[in-house]
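Data from start28.cif: mmCIF, C-alpha atoms
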```
data_coords
loop_
_atom_site.label_atom_id
_atom_site.label_comp_id
_atom_site.auth_asym_id
_atom_site.auth_seq_id
_atom_site.Cartn_x
_atom_site.Cartn_y
_atom_site.Cartn_z
CA MET A 157 27.46 -47.88 27.43
CA SER A 158 27.62 -45.78 30.60
CA SER A 159 24.99 -43.19 31.47
CA LYS A 160 27.58 -40.46 30.93
CA ALA A 161 28.29 -41.75 27.41
CA HIS A 162 24.56 -41.88 26.67
CA LEU A 163 24.25 -38.24 27.78
CA ILE A 164 27.17 -37.14 25.57
CA LEU A 165 25.68 -38.98 22.57
CA LEU A 166 22.27 -37.39 23.17
CA ILE A 167 23.72 -33.87 23.40
CA SER A 168 25.79 -34.41 20.26
CA THR A 169 22.73 -35.65 18.35
CA LEU A 170 20.65 -32.65 19.43
CA LEU A 171 23.39 -30.20 18.48
CA THR A 172 23.74 -31.81 15.05
CA TYR A 173 19.98 -31.64 14.50
CA TYR A 174 19.82 -28.01 15.65
CA ALA A 175 22.67 -27.00 13.34
CA SER A 176 21.09 -28.72 10.34
CA THR A 177 17.76 -27.04 11.10
CA LEU A 178 19.39 -23.61 11.22
CA GLN A 179 21.15 -24.33 7.94
CA SER A 180 17.86 -25.23 6.28
CA VAL A 181 16.07 -22.12 7.57
CA HIS A 182 18.73 -19.44 7.13
CA SER A 183 20.46 -18.78 3.84
CA VAL A 184 24.03 -17.54 3.84
CA GLY A 185 24.18 -13.77 4.39
CA SER A 186 20.40 -13.47 4.81
CA TYR A 187 18.31 -12.85 7.91
CA TYR A 188 15.75 -15.33 6.60
CA ALA A 189 15.15 -17.58 3.63
CA PRO A 190 12.15 -16.18 1.72
CA SER A 191 11.31 -19.64 0.40
CA LYS A 192 10.52 -20.67 3.98
CA LYS A 193 8.23 -17.72 4.72
CA VAL A 194 4.51 -17.56 4.12
CA MET A 195 4.36 -15.03 1.29
CA ASN A 196 1.36 -13.47 -0.34
CA VAL A 197 0.92 -13.74 -4.09
CA ILE A 198 2.40 -10.29 -4.80
CA ASP A 199 5.57 -10.85 -2.80
CA SER A 200 6.13 -14.41 -3.97
CA CYS A 201 6.17 -13.06 -7.54
CA TRP A 202 9.52 -11.27 -7.05
CA ARG A 203 10.99 -11.48 -3.54
CA LYS A 204 12.49 -14.95 -3.82
CA ASN A 205 14.91 -13.80 -6.51
CA PRO A 206 18.28 -12.84 -4.93
CA HIS A 207 19.05 -10.88 -8.12
CA TRP A 208 16.07 -8.55 -7.71
CA GLU A 209 18.29 -5.49 -8.18
CA ALA A 210 19.48 -6.65 -11.60
CA ASN A 211 15.87 -6.93 -12.73
CA ARG A 212 14.01 -4.26 -10.78
CA ARG A 213 11.37 -3.87 -13.46
CA ALA A 214 10.12 -7.43 -12.83
CA LEU A 215 8.15 -5.88 -9.96
CA ALA A 216 5.80 -4.32 -12.52
CA ASP A 217 4.42 -7.76 -13.39
CA CYS A 218 3.42 -8.59 -9.80
CA ALA A 219 0.37 -6.46 -9.00
CA VAL A 220 -3.03 -8.07 -8.58
CA GLY A 221 -6.54 -6.66 -8.57
CA PHE A 222 -7.80 -3.59 -10.36
CA GLY A 223 -4.34 -1.97 -10.57
CA LYS A 224 -2.78 -4.98 -12.31
CA ALA A 225 -2.07 -3.07 -15.54
CA ALA A 226 -0.07 -0.30 -13.79
CA VAL A 227 3.24 -0.78 -15.60
CA GLY A 228 4.85 2.36 -14.20
CA GLY A 229 8.27 2.90 -15.75
CA LYS A 230 8.69 -0.73 -16.82
CA TYR A 231 9.63 0.24 -20.37
CA GLY A 232 11.83 3.18 -19.47
CA ALA A 233 15.38 3.83 -18.34
CA ILE A 234 16.66 3.74 -14.76
CA TYR A 235 16.85 7.21 -13.19
CA VAL A 236 18.89 7.54 -9.99
CA VAL A 237 17.99 10.07 -7.30
CA THR A 238 21.25 11.30 -5.78
CA SER A 239 20.07 14.39 -3.86
CA PRO A 240 17.18 15.07 -1.44
CA ALA A 241 17.03 18.73 -2.54
CA ASP A 242 13.85 20.14 -4.04
CA ASP A 243 12.92 23.04 -6.31
CA PRO A 244 9.21 23.04 -7.31
CA VAL A 245 9.75 25.32 -10.33
CA ASN A 246 13.18 24.44 -11.73
CA PRO A 247 14.12 21.00 -10.34
CA LYS A 248 17.73 19.92 -10.79
CA PRO A 249 18.87 16.63 -12.36
CA GLY A 250 19.46 14.03 -9.67
CA THR A 251 16.47 15.13 -7.58
CA LEU A 252 13.24 13.17 -7.24
CA ARG A 253 11.10 15.94 -8.72
CA TYR A 254 13.24 16.16 -11.85
CA GLY A 255 12.62 12.46 -12.48
CA VAL A 256 8.89 12.27 -11.83
CA ILE A 257 7.98 15.20 -14.12
CA GLN A 258 9.62 13.75 -17.24
CA THR A 259 7.32 12.76 -20.09
CA LYS A 260 9.16 9.55 -20.92
CA PRO A 261 8.79 6.37 -18.83
CA LEU A 262 11.32 6.11 -15.98
CA TRP A 263 12.11 3.60 -13.24
CA ILE A 264 13.28 5.83 -10.37
CA VAL A 265 15.67 4.48 -7.71
CA PHE A 266 17.79 6.01 -4.94
CA SER A 267 21.56 6.05 -4.52
CA ARG A 268 21.43 6.13 -0.71
CA ASP A 269 19.22 6.67 2.33
CA MET A 270 17.57 10.09 2.33
CA VAL A 271 14.79 12.19 3.82
CA ILE A 272 13.15 14.38 1.19
CA THR A 273 11.30 17.43 2.50
CA LEU A 274 9.42 18.86 -0.43
CA LYS A 275 8.85 22.59 -0.78
CA ASN A 276 5.52 22.04 -2.52
CA GLU A 277 3.41 19.08 -3.68
CA LEU A 278 5.17 16.54 -5.90
CA MET A 279 3.33 16.26 -9.24
CA ILE A 280 4.00 12.85 -10.79
CA ASN A 281 3.76 12.33 -14.55
CA SER A 282 2.52 9.18 -16.29
CA PHE A 283 4.58 5.99 -16.62
CA LYS A 284 6.73 6.46 -13.53
CA THR A 285 7.89 4.02 -10.86
CA ILE A 286 9.30 5.29 -7.56
CA ASP A 287 11.24 2.27 -6.24
CA GLY A 288 12.74 2.66 -2.77
CA ARG A 289 14.21 -0.85 -2.50
CA GLY A 290 17.80 -0.91 -1.27
CA ALA A 291 17.61 2.43 0.57
CA LYS A 292 15.62 3.97 3.40
CA VAL A 293 13.67 6.70 1.65
CA GLU A 294 11.31 9.10 3.42
CA ILE A 295 9.13 11.88 2.06
CA ALA A 296 8.25 13.84 5.17
CA TYR A 297 7.74 17.17 6.98
CA GLY A 298 6.48 19.06 3.93
CA PRO A 299 3.85 18.70 1.19
CA CYS A 300 3.73 15.21 -0.31
CA ILE A 301 2.54 13.36 -3.43
CA THR A 302 -0.11 14.34 -6.00
CA ILE A 303 -1.08 11.97 -8.84
CA GLN A 304 -3.39 14.07 -11.02
CA TYR A 305 -4.79 13.32 -14.49
CA VAL A 306 -2.10 10.73 -15.24
CA SER A 307 -1.85 6.96 -15.54
CA HIS A 308 0.51 4.04 -14.92
CA VAL A 309 2.23 5.05 -11.69
CA ILE A 310 3.87 2.65 -9.21
CA ILE A 311 5.07 3.79 -5.77
CA HIS A 312 6.94 1.10 -3.86
CA GLY A 313 9.00 0.85 -0.71
CA ILE A 314 9.07 4.38 0.70
CA SER A 315 7.87 6.04 3.91
CA ILE A 316 5.49 9.00 3.59
CA HIS A 317 4.70 10.70 6.87
CA ASN A 318 4.11 14.01 8.66
CA CYS A 319 2.88 15.60 5.43
CA LYS A 320 1.84 19.25 5.55
CA PRO A 321 -0.47 21.31 3.30
CA GLY A 322 1.18 22.85 0.25
CA LYS A 323 1.08 26.58 -0.27
CA ALA A 324 -0.35 28.32 -3.30
CA GLY A 325 2.35 28.86 -5.88
CA MET A 326 4.03 27.69 -9.05
CA VAL A 327 4.76 23.97 -9.43
CA ARG A 328 6.23 22.20 -12.46
CA ASP A 329 4.47 19.01 -13.64
CA SER A 330 6.41 18.40 -16.88
CA PRO A 331 9.58 19.67 -18.57
CA ASN A 332 7.43 22.02 -20.65
CA HIS A 333 4.79 23.17 -18.19
CA VAL A 334 4.76 24.96 -14.87
CA GLY A 335 1.45 26.12 -13.44
CA HIS A 336 -0.09 27.83 -10.45
CA ARG A 337 -1.35 25.47 -7.72
CA ARG A 338 -3.89 26.56 -5.13
CA GLY A 339 -2.23 24.50 -2.38
CA SER A 340 -2.53 20.83 -1.42
CA ASP A 341 -4.49 19.53 1.57
CA GLY A 342 -1.68 17.66 3.29
CA ASP A 343 -2.46 14.13 2.09
CA ALA A 344 0.32 11.59 1.87
CA ILE A 345 -0.88 10.48 -1.58
CA ASP A 346 -3.67 12.26 -3.46
CA ILE A 347 -4.91 10.33 -6.53
CA PHE A 348 -7.07 12.69 -8.61
CA GLY A 349 -8.64 11.80 -11.98
CA SER A 350 -6.03 9.08 -12.57
CA SER A 351 -5.97 5.39 -13.47
CA ASN A 352 -3.74 2.31 -13.37
CA ILE A 353 -2.06 3.17 -10.08
CA TRP A 354 -0.31 0.74 -7.70
CA ILE A 355 0.85 1.70 -4.17
CA ASP A 356 2.85 -1.15 -2.58
CA HIS A 357 4.99 -1.73 0.55
CA CYS A 358 4.89 1.86 1.81
CA PHE A 359 4.62 3.26 5.33
CA LEU A 360 2.08 6.05 5.81
CA ALA A 361 1.35 7.97 9.01
CA ARG A 362 0.63 11.30 10.72
CA CYS A 363 -0.42 13.62 7.90
CA ALA A 364 -2.41 16.85 8.00
CA ASP A 365 -5.31 15.40 6.01
CA GLY A 366 -5.74 11.84 4.69
CA LEU A 367 -3.13 9.20 4.07
CA ILE A 368 -4.52 8.17 0.67
CA ASP A 369 -7.35 9.90 -1.24
CA VAL A 370 -8.75 8.37 -4.43
CA ILE A 371 -11.09 10.94 -5.94
CA HIS A 372 -12.53 12.58 -9.10
CA ALA A 373 -13.19 9.44 -11.16
CA SER A 374 -9.88 7.74 -10.42
CA THR A 375 -10.03 4.00 -11.07
CA ALA A 376 -8.02 0.81 -11.73
CA ILE A 377 -6.08 1.08 -8.47
CA THR A 378 -4.39 -1.44 -6.17
CA ILE A 379 -3.20 -0.49 -2.67
CA SER A 380 -1.22 -3.38 -1.21
CA ASN A 381 1.30 -4.43 1.46
CA ASN A 382 1.29 -1.00 3.12
CA TYR A 383 1.55 -0.23 6.83
CA PHE A 384 -0.75 2.51 8.12
CA SER A 385 -0.35 3.98 11.60
CA GLN A 386 -1.17 6.92 13.91
CA HIS A 387 -3.79 8.74 11.91
CA ASP A 388 -7.44 9.78 12.04
CA LYS A 389 -8.98 9.74 8.54
CA VAL A 390 -6.92 7.06 6.85
CA MET A 391 -8.30 6.51 3.34
CA LEU A 392 -11.04 8.18 1.29
CA LEU A 393 -12.37 6.55 -1.89
CA GLY A 394 -14.70 8.97 -3.67
CA HIS A 395 -14.82 12.78 -3.73
CA ASP A 396 -18.29 13.49 -2.34
CA ASP A 397 -21.78 11.99 -2.41
CA ASN A 398 -22.86 14.06 -5.43
CA TYR A 399 -19.82 13.46 -7.63
CA ILE A 400 -21.46 10.75 -9.72
CA GLU A 401 -18.37 10.31 -11.93
CA ASP A 402 -16.89 8.30 -9.06
CA LYS A 403 -19.26 5.45 -9.92
CA ILE A 404 -16.54 4.14 -12.25
CA MET A 405 -14.05 3.84 -9.35
CA ARG A 406 -12.62 0.34 -8.81
CA VAL A 407 -10.08 -0.13 -5.98
CA THR A 408 -8.41 -3.25 -4.55
CA LEU A 409 -7.08 -3.08 -0.97
CA VAL A 410 -5.06 -6.20 -0.25
CA PHE A 411 -2.41 -7.41 2.25
CA ASN A 412 -2.29 -4.07 4.08
CA HIS A 413 -1.66 -3.76 7.83
CA PHE A 414 -3.77 -1.15 9.58
CA GLY A 415 -1.71 -0.71 12.72
CA SER A 416 -1.95 1.21 15.96
CA GLY A 417 -3.39 4.69 16.49
CA LEU A 418 -5.94 4.63 13.66
CA VAL A 419 -9.42 6.08 14.06
CA GLN A 420 -11.56 5.64 10.92
CA ARG A 421 -11.77 5.34 7.08
CA MET A 422 -9.97 2.07 6.35
CA PRO A 423 -11.48 2.87 3.83
CA ARG A 424 -14.49 5.21 3.55
CA VAL A 425 -16.12 4.61 0.14
CA ARG A 426 -18.51 6.68 -1.95
CA LEU A 427 -20.39 5.54 -5.07
CA GLY A 428 -17.73 3.17 -6.48
CA TYR A 429 -16.49 -0.34 -5.70
CA ALA A 430 -13.92 -1.54 -3.19
CA HIS A 431 -12.58 -5.08 -2.78
CA VAL A 432 -11.08 -5.22 0.72
CA ALA A 433 -9.17 -8.50 0.95
CA ASN A 434 -6.68 -10.13 3.35
CA ASN A 435 -5.95 -6.98 5.35
CA LYS A 436 -5.07 -6.93 9.06
CA TYR A 437 -6.84 -4.47 11.34
CA ASP A 438 -5.16 -3.97 14.72
CA GLU A 439 -7.25 -1.01 15.79
CA TRP A 440 -10.04 1.39 14.97
CA GLN A 441 -11.36 3.94 17.41
CA MET A 442 -14.58 4.73 15.48
CA TYR A 443 -14.98 2.21 12.64
CA ALA A 444 -12.88 0.33 10.10
CA ILE A 445 -14.91 0.25 6.86
CA GLY A 446 -17.47 2.93 6.09
CA GLY A 447 -19.21 4.70 3.27
CA SER A 448 -22.07 6.69 1.81
CA ALA A 449 -23.91 7.19 -1.49
CA ASN A 450 -24.49 3.47 -2.13
CA PRO A 451 -20.99 2.07 -2.78
CA THR A 452 -20.36 -1.64 -3.17
CA ILE A 453 -17.92 -3.11 -0.65
CA PHE A 454 -16.77 -6.73 -0.56
CA SER A 455 -14.84 -7.57 2.62
CA GLU A 456 -13.09 -10.87 2.03
CA GLY A 457 -10.65 -12.78 4.21
CA ASN A 458 -9.74 -9.89 6.53
CA TYR A 459 -8.60 -10.08 10.17
CA PHE A 460 -10.42 -7.64 12.46
CA ILE A 461 -9.41 -7.04 16.09
CA ALA A 462 -12.01 -4.83 17.77
CA PRO A 463 -10.95 -2.24 20.37
CA ASP A 464 -11.49 -3.04 24.02
CA ASN A 465 -14.15 -0.35 24.48
CA SER A 466 -17.74 -1.55 24.25
CA TYR A 467 -19.04 1.02 21.73
CA SER A 468 -16.73 0.50 18.68
CA LYS A 469 -17.00 -3.24 18.06
CA GLU A 470 -18.76 -2.81 14.72
CA VAL A 471 -16.43 -2.92 11.72
CA THR A 472 -18.85 -1.04 9.47
CA LYS A 473 -20.44 2.39 9.44
CA ARG A 474 -22.97 3.80 6.96
CA GLU A 475 -22.76 7.59 6.84
CA VAL A 476 -26.54 7.87 6.49
CA LYS A 477 -29.48 7.35 8.83
CA ALA A 478 -31.73 5.36 6.48
CA GLY A 479 -31.90 3.79 3.02
CA TRP A 480 -28.72 1.70 3.30
CA LYS A 481 -30.21 -1.78 3.53
CA ASN A 482 -30.06 -2.22 -0.25
CA TRP A 483 -26.36 -1.30 -0.46
CA LYS A 484 -24.14 -4.27 -1.34
CA TRP A 485 -21.83 -4.66 1.65
CA ARG A 486 -20.75 -8.27 2.09
CA THR A 487 -18.37 -10.29 4.21
CA SER A 488 -16.79 -13.63 3.35
CA LYS A 489 -13.99 -15.59 5.06
CA ASP A 490 -13.36 -12.70 7.46
CA ARG A 491 -12.14 -13.36 11.01
CA PHE A 492 -13.54 -11.29 13.88
CA LEU A 493 -11.74 -11.02 17.23
CA ASN A 494 -12.51 -9.34 20.56
CA GLY A 495 -16.18 -8.91 19.69
CA ALA A 496 -15.75 -7.38 16.23
CA TYR A 497 -18.70 -7.76 13.87
CA PHE A 498 -19.68 -6.75 10.32
CA VAL A 499 -23.22 -5.67 9.37
CA PRO A 500 -23.91 -6.89 5.80
CA SER A 501 -26.57 -5.53 3.48
CA GLY A 502 -28.03 -5.80 -0.03
CA TRP A 503 -28.36 -8.73 -2.40
CA GLY A 504 -26.92 -9.94 -5.70
CA ILE A 505 -23.29 -10.44 -6.69
CA ALA A 506 -20.79 -8.33 -4.73
CA ALA A 507 -17.58 -10.19 -5.67
CA PRO A 508 -15.18 -8.27 -7.94
CA LEU A 509 -15.54 -8.91 -11.65
CA TYR A 510 -11.82 -9.21 -12.26
CA SER A 511 -10.31 -10.16 -15.58
CA ARG A 512 -8.25 -13.35 -15.65
CA LEU A 513 -5.01 -11.40 -15.18
CA GLU A 514 -6.37 -9.27 -12.35
CA SER A 515 -7.81 -12.13 -10.32
CA PHE A 516 -6.11 -13.78 -7.33
CA SER A 517 -7.01 -16.30 -4.64
CA VAL A 518 -8.12 -14.75 -1.36
CA ALA A 519 -7.06 -16.71 1.73
CA ASP A 520 -9.15 -17.28 4.81
CA GLY A 521 -8.81 -14.47 7.33
CA SER A 522 -6.94 -16.74 9.72
CA MET A 523 -3.93 -16.56 7.35
CA VAL A 524 -3.76 -12.76 7.35
CA PRO A 525 -1.22 -12.25 10.19
CA ALA A 526 1.29 -14.27 8.17
CA LEU A 527 0.38 -12.74 4.80
CA THR A 528 0.77 -9.18 6.12
CA SER A 529 3.78 -9.75 8.39
CA ASP A 530 6.10 -7.79 6.06
CA ALA A 531 3.76 -4.88 5.30
CA GLY A 532 5.57 -1.58 4.84
CA PRO A 533 8.99 -0.94 3.26
CA LEU A 534 11.20 -4.03 3.05
CA GLN A 535 14.85 -4.28 4.04
CA CYS A 536 16.26 -5.27 0.65
CA VAL A 537 19.99 -6.02 0.53
CA ARG A 538 22.00 -6.10 -2.69
CA TYR A 539 22.69 -9.61 -4.02
CA ASN A 540 20.22 -11.13 -1.58
CA SER A 541 16.53 -11.80 -1.38
CA CYS A 542 14.31 -9.15 0.18
#
```
Could you render the structure as structure tokens?
Amino acid sequence: MSSKAHLILLISTLLTYYASTLQSVHSVGSYYAPSKKVMNVIDSCWRKNPHWEANRRALADCAVGFGKAAVGGKYGAIYVVTSPADDPVNPKPGTLRYGVIQTKPLWIVFSRDMVITLKNELMINSFKTIDGRGAKVEIAYGPCITIQYVSHVIIHGISIHNCKPGKAGMVRDSPNHVGHRRGSDGDAIDIFGSSNIWIDHCFLARCADGLIDVIHASTAITISNNYFSQHDKVMLLGHDDNYIEDKIMRVTLVFNHFGSGLVQRMPRVRLGYAHVANNKYDEWQMYAIGGSANPTIFSEGNYFIAPDNSYSKEVTKREVKAGWKNWKWRTSKDRFLNGAYFVPSGWGIAAPLYSRLESFSVADGSMVPALTSDAGPLQCVRYNSC
């Protein structure tokens, strides 16, 4: 065989191999095949199903950690948001506020892309799911979300950004009750005296106060797969050092991506317990994980990239001058880059005492860039895998 024939055969073989490789990696009509991706345990529970839209409520079975039991609107009807309009006192059918204040369980979805600018804080009732899959949904440029004295709420797949303080005024929180509010602080999500809450695959940035506050004895909460960016005080767990009711607080932070432009509180913990697992930290300008009033913090399998400056390499910060050496702050399987380091303290068991259903395997920190690669809202297409 001539050298020219050998060359033609070689090129043909390579083209055939390349085509077969593409066919194995890309499914028809999809920008990737989820079965080929490295997925975390939450995403692998539901994302591989191309018929996700026909069974949206299957998402409610996929949480891990302390918020595992947050069923949201799993046992309710589908409610479709068709309008971005808002009326805090007399909300109209088809708006988001009308859906979230109902007393019955509801699984809330959106008919199209929309930016919702609320006129006052959005009070969410118990047993509600806000599911943004299949649309680009933003709550922005006005007051944002309040979860107060309720339970079983799921918020998934929406962007919450540029939130402003709410003004004092009347706000409806159920079909039968409208009350006077003193004004919200400008948090993206304020969880107050509530339990069984799951925040998943959201984007949060640039708010007047915090991005997520968990306060006033809130507990049984999972915050997962979210992308945080461009903010100072990111996440507060615990109202203040003297609010001893927050000792019951149990929060799982898992598979989140703390992106660029963040300063501190990822999270800041008071009194309660936080399991911080398999999160990616691109930046902190002051510190990543902090706290006061003797909280327990277990940092497990995270990926910390310290800033280039020489004075913010430490991941941790105790908001006290002395007396912290007995606090249980532990690190296990974490990965530290660019000089990052974690200062542990205390003794005894710091690992979360999960039930069998709540528990999950935590990967080594080296796996975190892959496990968090899809943090934030997903691009879910009808009749295809997310």
Of A:Asn450, A:Val245, A:Val194, A:Ala519, the one nearest to Gly335 of chain A when counting only C-alpha atoms is A:Val245
Local residues around (0.5, -1.5, -2.5), at most 10 Å away, using all atoms listed in the file, as a compact mmCIF listing (two decimals) with C-alpha atoms, in the coordinates of the input:
```txt
# COMPACT_ATOMS: atom_id res chain seq x y z
CA ILE A 198 2.40 -10.29 -4.80
CA ALA A 219 0.37 -6.46 -9.00
CA VAL A 220 -3.03 -8.07 -8.58
CA GLY A 223 -4.34 -1.97 -10.57
CA ILE A 310 3.87 2.65 -9.21
CA ILE A 311 5.07 3.79 -5.77
CA HIS A 312 6.94 1.10 -3.86
CA GLY A 313 9.00 0.85 -0.71
CA ILE A 353 -2.06 3.17 -10.08
CA TRP A 354 -0.31 0.74 -7.70
CA ILE A 355 0.85 1.70 -4.17
CA ASP A 356 2.85 -1.15 -2.58
CA HIS A 357 4.99 -1.73 0.55
CA CYS A 358 4.89 1.86 1.81
CA ILE A 377 -6.08 1.08 -8.47
CA THR A 378 -4.39 -1.44 -6.17
CA ILE A 379 -3.20 -0.49 -2.67
CA SER A 380 -1.22 -3.38 -1.21
CA ASN A 381 1.30 -4.43 1.46
CA ASN A 382 1.29 -1.00 3.12
CA TYR A 383 1.55 -0.23 6.83
CA THR A 408 -8.41 -3.25 -4.55
CA LEU A 409 -7.08 -3.08 -0.97
CA VAL A 410 -5.06 -6.20 -0.25
CA PHE A 411 -2.41 -7.41 2.25
CA ASN A 412 -2.29 -4.07 4.08
CA ALA A 531 3.76 -4.88 5.30
CA GLY A 532 5.57 -1.58 4.84
```
* **Residues in the PyMOL selection byres ((chain A and resi 288-293) around 9), expressed as number ranges by chain** => A: 209, 212, 264-272, 286-287, 294-295, 311-316, 533-538, 542
Assuming the chain letters and numbering stay as they are in my file, what does the PyMOL selection byres ((chain A and resi 301) around 8) actually select? List them as a PyMOL selection string.
chain A and resi 277-280+299-300+302-303+343-346
Give one line per residue of segment 388-453 of chain A that approaches segment 488-502 of chain A to at most 10 Å, naming the two atoms of the closest pair and their distance in Å to one decimal, counting only C-alpha atoms; sort by chain then ascending residue number and deliver it as a tab-separated table.
```
residue	atom	partner	partner_atom	distance
A:Ala433	CA	A:Asp490	CA	8.8
A:Asn434	CA	A:Asp490	CA	8.3
A:Asn435	CA	A:Asp490	CA	9.6
A:Lys436	CA	A:Arg491	CA	9.8
A:Tyr437	CA	A:Phe492	CA	9.9
A:Asp438	CA	A:Leu493	CA	10.0
A:Ala444	CA	A:Phe498	CA	9.8
A:Ile445	CA	A:Phe498	CA	9.2
A:Thr452	CA	A:Gly502	CA	9.3
A:Ile453	CA	A:Pro500	CA	9.6
```
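Residues in contact range of Gln258 of chain A, defined as at most 9 Å between all atoms listed in the file, with sequence neighbours fewer than 5 positions away removed, read Arg253, Ile280, Asn281, Ser282, Lys284, Asp329, Ser330 and Pro331 of chain A.
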Given the file shown, enumerate the residues that the PyMOL selection byres ((chain A and resi 387) around 6) captures and present them as a ChimeraX atom specification.
/A:361-362,385-386,388,418
For Ile505 of chain A, the closest of A:Trp202, A:Phe414, A:Trp483, A:Tyr231 counting only C-alpha atoms is A:Trp483
Computed gap from atom CA of Gly232 of chain A to atom CA of Asn332 of chain A is 19.4 Å
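Each of A:Ser351, A:Phe516, A:Trp440, A:Gly479 was checked against Asp464 of chain A using only C-alpha atoms; the smallest atom-to-atom distance is that of A:Trp440.
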Using only C-alpha atoms, the residue out of A:Val197, A:Ala478, A:Met391, A:Leu509 with shortest distance to Arg406 of chain A is A:Leu509
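One distance worth recording is that between atom CA of Val327 of chain A and atom CA of Asn276 of chain A, which is 7.2 Å.
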